[in-house]
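Visitor: What follows is protein21.txt; its format and atoms are compact mmCIF, C-alpha atoms.
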```
# COMPACT_ATOMS: atom_id res chain seq x y z
CA MET A 1 -34.92 -11.72 1.77
CA GLY A 2 -32.83 -10.56 4.71
CA ILE A 3 -29.75 -12.58 5.66
CA LYS A 4 -31.38 -13.62 8.92
CA ASP A 5 -34.00 -15.44 6.84
CA TRP A 6 -31.44 -17.40 4.81
CA PRO A 7 -31.07 -21.16 5.45
CA GLN A 8 -28.87 -21.99 8.41
CA GLY A 9 -25.17 -21.85 7.61
CA GLU A 10 -25.47 -19.71 4.49
CA GLY A 11 -25.07 -16.28 6.09
CA PRO A 12 -21.60 -14.74 5.68
CA ARG A 13 -20.83 -14.66 9.41
CA GLU A 14 -21.88 -18.27 9.81
CA LYS A 15 -19.82 -19.33 6.80
CA LEU A 16 -16.80 -17.50 8.17
CA LEU A 17 -17.08 -19.17 11.56
CA LEU A 18 -17.62 -22.62 10.06
CA ASN A 19 -15.16 -22.55 7.16
CA GLY A 20 -12.83 -19.59 7.66
CA ALA A 21 -12.67 -16.15 6.09
CA GLY A 22 -10.84 -17.49 3.03
CA GLN A 23 -14.01 -19.23 1.85
CA LEU A 24 -16.02 -16.01 1.58
CA SER A 25 -16.41 -13.93 -1.58
CA ASP A 26 -15.37 -10.27 -1.60
CA ALA A 27 -19.01 -9.23 -1.17
CA GLU A 28 -19.51 -11.62 1.75
CA LEU A 29 -16.37 -10.38 3.52
CA LEU A 30 -17.49 -6.80 3.06
CA ALA A 31 -20.95 -7.69 4.33
CA VAL A 32 -19.45 -8.99 7.59
CA ILE A 33 -17.80 -5.59 8.10
CA LEU A 34 -20.89 -3.60 7.13
CA ARG A 35 -23.12 -5.78 9.38
CA ASN A 36 -26.42 -4.68 7.81
CA GLY A 37 -27.90 -3.44 4.57
CA LEU A 38 -30.83 -1.15 3.96
CA ALA A 39 -34.53 -1.47 3.14
CA GLY A 40 -34.92 -3.93 0.28
CA GLN A 41 -31.20 -4.74 0.14
CA ASN A 42 -29.40 -7.09 2.51
CA ALA A 43 -25.75 -6.58 3.55
CA VAL A 44 -24.37 -8.90 0.84
CA ASP A 45 -26.36 -7.13 -1.89
CA LEU A 46 -25.21 -3.75 -0.57
CA ALA A 47 -21.60 -4.93 -0.48
CA ARG A 48 -21.82 -6.33 -4.01
CA ASN A 49 -23.26 -3.05 -5.26
CA MET A 50 -20.49 -1.06 -3.58
CA ILE A 51 -17.78 -3.24 -5.13
CA ASN A 52 -19.38 -3.00 -8.57
CA GLN A 53 -19.68 0.79 -8.31
CA PHE A 54 -15.95 1.19 -7.68
CA GLY A 55 -14.69 -1.73 -9.75
CA GLY A 56 -13.13 -3.71 -6.91
CA LEU A 57 -12.26 -3.79 -3.23
CA ARG A 58 -9.01 -1.85 -3.59
CA SER A 59 -10.67 1.02 -5.42
CA LEU A 60 -13.51 1.08 -2.90
CA LEU A 61 -11.24 1.15 0.14
CA SER A 62 -9.05 3.90 -1.32
CA ALA A 63 -11.91 6.09 -2.57
CA PRO A 64 -12.52 9.49 -0.92
CA LYS A 65 -15.12 9.72 1.83
CA ASN A 66 -17.49 11.90 -0.19
CA GLN A 67 -17.61 9.39 -3.05
CA VAL A 68 -18.22 6.38 -0.81
CA CYS A 69 -20.89 8.13 1.24
CA LYS A 70 -22.83 9.02 -1.90
CA LEU A 71 -23.87 5.37 -2.21
CA ALA A 72 -27.33 4.52 -0.92
CA GLY A 73 -27.13 2.98 2.53
CA VAL A 74 -23.56 4.13 3.18
CA GLY A 75 -22.84 6.88 5.67
CA PRO A 76 -19.94 8.00 7.86
CA VAL A 77 -20.24 4.97 10.17
CA LYS A 78 -19.88 2.40 7.37
CA TYR A 79 -17.12 4.47 5.78
CA ALA A 80 -15.26 4.44 9.11
CA GLN A 81 -15.65 0.65 9.33
CA LEU A 82 -14.15 0.23 5.86
CA GLN A 83 -11.22 2.53 6.64
CA ALA A 84 -10.50 0.69 9.89
CA ALA A 85 -10.37 -2.63 8.01
CA ALA A 86 -8.03 -1.16 5.37
CA GLU A 87 -5.71 0.30 8.01
CA ILE A 88 -5.54 -3.01 9.91
CA SER A 89 -4.43 -4.69 6.69
CA LYS A 90 -1.65 -2.11 6.18
CA ARG A 91 -0.42 -2.46 9.75
CA ILE A 92 -0.28 -6.25 9.50
CA ALA A 93 1.81 -5.92 6.32
CA HIS A 94 4.14 -3.52 8.17
CA GLU A 95 4.52 -5.91 11.13
CA ASN A 96 5.29 -8.80 8.79
CA LEU A 97 7.93 -6.70 7.03
CA GLN A 98 9.61 -5.71 10.30
CA ARG A 99 10.06 -9.30 11.48
CA GLY A 100 12.71 -10.29 8.98
CA GLN A 101 15.41 -9.13 6.63
CA ILE A 102 14.24 -7.18 3.61
CA LEU A 103 16.49 -9.05 1.21
CA THR A 104 15.14 -12.44 2.26
CA ASN A 105 11.52 -11.26 2.01
CA PRO A 106 11.14 -9.60 -1.41
CA ASP A 107 7.48 -10.61 -1.64
CA LEU A 108 6.72 -9.03 1.75
CA THR A 109 8.47 -5.86 0.64
CA ARG A 110 6.46 -5.69 -2.58
CA ASP A 111 3.20 -6.42 -0.75
CA TYR A 112 3.91 -3.70 1.80
CA LEU A 113 4.79 -1.06 -0.79
CA MET A 114 1.79 -1.98 -2.92
CA ARG A 115 -0.54 -1.53 0.06
CA GLN A 116 1.11 1.79 0.96
CA LEU A 117 1.37 3.43 -2.45
CA ALA A 118 -0.61 1.75 -5.22
CA ASP A 119 -3.88 3.60 -4.69
CA ARG A 120 -2.57 7.14 -4.14
CA SER A 121 -3.99 9.73 -6.52
CA TYR A 122 -0.75 11.74 -6.25
CA GLU A 123 2.92 10.83 -6.40
CA VAL A 124 4.72 9.92 -3.18
CA PHE A 125 8.48 9.50 -2.81
CA ALA A 126 9.37 7.40 0.23
CA LEU A 127 12.24 5.60 1.93
CA LEU A 128 12.54 2.25 3.64
CA LEU A 129 15.31 2.80 6.17
CA LEU A 130 17.17 -0.37 7.14
CA ASP A 131 19.66 -1.37 9.83
CA THR A 132 22.90 -3.33 9.35
CA GLN A 133 20.91 -6.59 9.19
CA HIS A 134 18.60 -5.09 6.55
CA ARG A 135 15.69 -5.01 8.94
CA VAL A 136 13.20 -2.16 8.69
CA ILE A 137 13.80 0.84 10.94
CA GLN A 138 11.08 3.04 9.46
CA PHE A 139 9.04 3.78 6.35
CA VAL A 140 9.10 7.52 5.67
CA GLU A 141 7.15 9.54 3.10
CA LEU A 142 9.60 12.24 2.09
CA PHE A 143 8.01 14.11 -0.81
CA ARG A 144 4.55 14.45 -2.33
CA GLY A 145 3.60 15.84 -5.70
CA THR A 146 5.29 15.57 -9.07
CA ILE A 147 8.46 13.54 -8.61
CA ASP A 148 11.27 14.84 -10.81
CA SER A 149 14.90 15.80 -10.48
CA ALA A 150 13.93 19.27 -9.24
CA SER A 151 11.63 18.11 -6.44
CA VAL A 152 13.76 15.39 -4.82
CA TYR A 153 16.70 16.68 -2.77
CA PRO A 154 19.43 14.11 -2.03
CA ARG A 155 20.63 16.19 0.93
CA GLU A 156 17.27 15.64 2.65
CA VAL A 157 17.60 11.91 2.05
CA VAL A 158 21.09 11.95 3.55
CA SER A 159 19.93 14.04 6.52
CA LEU A 160 17.12 11.61 7.32
CA VAL A 161 19.38 8.57 6.95
CA LEU A 162 21.90 10.07 9.38
CA ASP A 163 19.17 11.03 11.85
CA LYS A 164 17.72 7.51 11.89
CA LYS A 165 21.18 5.87 11.84
CA ALA A 166 20.25 3.73 8.85
CA ALA A 167 22.84 1.47 7.23
CA ALA A 168 20.99 0.87 3.94
CA VAL A 169 18.07 2.34 2.03
CA ILE A 170 15.39 1.32 -0.44
CA VAL A 171 13.77 4.27 -2.17
CA CYS A 172 10.33 3.93 -3.70
CA HIS A 173 7.66 5.99 -5.37
CA ASN A 174 4.37 5.44 -7.13
CA HIS A 175 3.01 6.31 -10.55
CA PRO A 176 -0.65 7.37 -10.18
CA SER A 177 -1.14 6.53 -13.87
CA GLY A 178 -0.88 2.88 -12.82
CA ILE A 179 2.04 2.21 -15.16
CA ALA A 180 5.13 1.19 -13.20
CA GLU A 181 7.68 1.61 -15.99
CA PRO A 182 10.41 3.99 -14.72
CA SER A 183 11.14 7.22 -16.56
CA GLN A 184 14.51 8.72 -17.41
CA ALA A 185 13.89 11.21 -14.60
CA ASP A 186 13.46 8.29 -12.20
CA ARG A 187 16.83 6.92 -13.28
CA ARG A 188 18.54 10.29 -12.86
CA ILE A 189 17.08 10.73 -9.37
CA THR A 190 18.27 7.26 -8.40
CA GLU A 191 21.82 7.95 -9.53
CA ARG A 192 21.93 11.25 -7.61
CA ILE A 193 20.66 9.61 -4.41
CA LYS A 194 23.04 6.67 -4.79
CA ASN A 195 26.02 9.03 -5.14
CA ALA A 196 24.88 11.13 -2.18
CA LEU A 197 24.50 8.09 0.07
CA ALA A 198 27.91 6.79 -0.99
CA THR A 199 29.50 9.86 0.64
CA ILE A 200 28.29 8.61 4.04
CA ASP A 201 28.95 4.90 3.32
CA VAL A 202 25.27 3.95 3.14
CA SER A 203 24.10 1.52 0.46
CA LEU A 204 21.19 2.16 -1.87
CA LEU A 205 19.78 -1.34 -2.28
CA ASP A 206 16.95 -0.62 -4.67
CA HIS A 207 14.51 1.85 -6.15
CA MET A 208 11.03 0.39 -6.55
CA VAL A 209 8.40 2.04 -8.72
CA VAL A 210 4.84 1.12 -7.79
CA GLY A 211 2.09 0.94 -10.39
CA ASP A 212 -1.46 -0.32 -10.22
CA GLN A 213 -0.72 -4.03 -10.55
CA GLU A 214 3.06 -4.32 -10.50
CA ILE A 215 6.29 -3.02 -9.03
CA VAL A 216 9.44 -2.47 -11.07
CA SER A 217 12.73 -3.01 -9.24
CA PHE A 218 15.84 -1.14 -10.39
CA ALA A 219 18.03 -3.77 -8.73
CA GLU A 220 16.35 -6.61 -10.62
CA ARG A 221 16.96 -4.75 -13.88
CA GLY A 222 20.62 -4.30 -13.05
CA TRP A 223 20.37 -0.52 -12.83
CA ILE A 224 21.87 -0.35 -9.33
CA VAL A 225 25.36 -1.78 -8.96
```
Just dump the structure as structure tokens.
Guide:
Amino acid sequence: MGIKDWPQGEGPREKLLLNGAGQLSDAELLAVILRNGLAGQNAVDLARNMINQFGGLRSLLSAPKNQVCKLAGVGPVKYAQLQAAAEISKRIAHENLQRGQILTNPDLTRDYLMRQLADRSYEVFALLLLDTQHRVIQFVELFRGTIDSASVYPREVVSLVLDKKAAAVIVCHNHPSGIAEPSQADRRITERIKNALATIDVSLLDHMVVGDQEIVSFAERGWIV
């Protein structure tokens, strides 16, 4: 049965308008974005199948185009709709982060970094550059690839900080394995960057390591003093 044949008020768009988006399931929310299904499968069934195929919304939205478009009923147009929705979510998180001080919004910081880095299939080393009030100036991806003491250059961090006139920095990187536990190499990199920033009187506030479901903070563990 197509959604248009469902009893009044039970379609996902109707439910959203009557009760708010928070009342919809993941499949119903996705169905609103997709708008239609395919022969023999309405939009909610298609959405549920897509979520099941990838194991969740996050995995679906971060999957490569060729994998998503292999699904029956999904082509470039639907893939573009999904990517637009994912990007809107990231930009809202960035706007929320920019409104206040980082140190008074730890949950916003974690949410932003999780959205930016958790689903990458490769390692990314990035900086959150902050002003004197610890408000965000810019999020910058500095290095990609295997993050170790040989691939991260403190002088490039210092150069960028000076160029953007930042007063404080949070460094962050992801572990594609999904395990956020920092390595000894992560600790060595952090110490080198901290010492380099100290030469220009800029504070390293934290190093956050992003896994699949959690973020480990060096500052919370007492590793940055």
Visitor: What would the list of residues within 9 Å of (15.4, 6.4, -9.7) (file frame) look like as a ChimeraX atom specification, if all atoms listed in the file are what count?
Guide: /A:171-173,182-193,206-209,218
Visitor: Quote the spacing between atom CA of A:Phe143 and atom CA of A:Ser203 in Å to one decimal place.
Guide: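 Atom CA of A:Ser203 lies 20.5 Å from atom CA of A:Phe143.
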Visitor: Under the rule that all atoms listed in the file are counted, which of A:Val157, A:Ile170, A:Glu181, A:Leu108 is the nearest residue to A:Ile200?
Guide: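 Of all the options, A:Val157 lies closest to A:Ile200.
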Visitor: Could you give me, as a compact mmCIF listing (two decimals) with C-alpha atoms, in the coordinates of the input, the residues within 10 Å of A:Gly56, counting all atoms listed in the file and dropping anything in the same chain fewer than 6 positions from it?
Guide:
```txt
# COMPACT_ATOMS: atom_id res chain seq x y z
CA ASP A 26 -15.37 -10.27 -1.60
CA ALA A 27 -19.01 -9.23 -1.17
CA ARG A 48 -21.82 -6.33 -4.01
CA MET A 50 -20.49 -1.06 -3.58
```
Visitor: Please measure the separation of atom CA of A:Arg35 and atom CA of A:Arg115, giving the value in Å to one decimal.
Guide: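 Between atom CA of A:Arg35 and atom CA of A:Arg115 the gap works out to 24.8 Å.
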Visitor: Using only C-alpha atoms, which residues sit within 10 Å of A:Gly75 once same-chain residues fewer than 6 positions away are excluded, as a list in words?
Guide: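 My list of contacting residues is Lys65, Asn66, Val68 and Cys69 of chain A.
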Visitor: Pick the closest to A:Asp131 from A:Ala219, A:Val202, A:Leu30, A:Val158: which is it, counting only C-alpha atoms?
Guide: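 Of all the options, A:Val202 lies closest to A:Asp131.
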Visitor: Quick one, how far is atom CA of A:Leu117 from atom CA of A:Asn52?
Guide: 22.6 Å
Visitor: Of the residues A:Val74, A:Gln213, A:Leu205, A:Asn49, which is the one nearest to A:Leu127, using all atoms listed in the file?
Guide: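 Looking only at the distances to A:Leu127, the closest residue turns out to be A:Leu205.
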Visitor: Out of A:Gln23, A:Gln138, A:Leu57, A:Gly73, which residue has the shortest atom-to-atom distance to A:Ala43 when counting only C-alpha atoms?
Guide: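 Under the stated criterion, the closest residue is A:Gly73.
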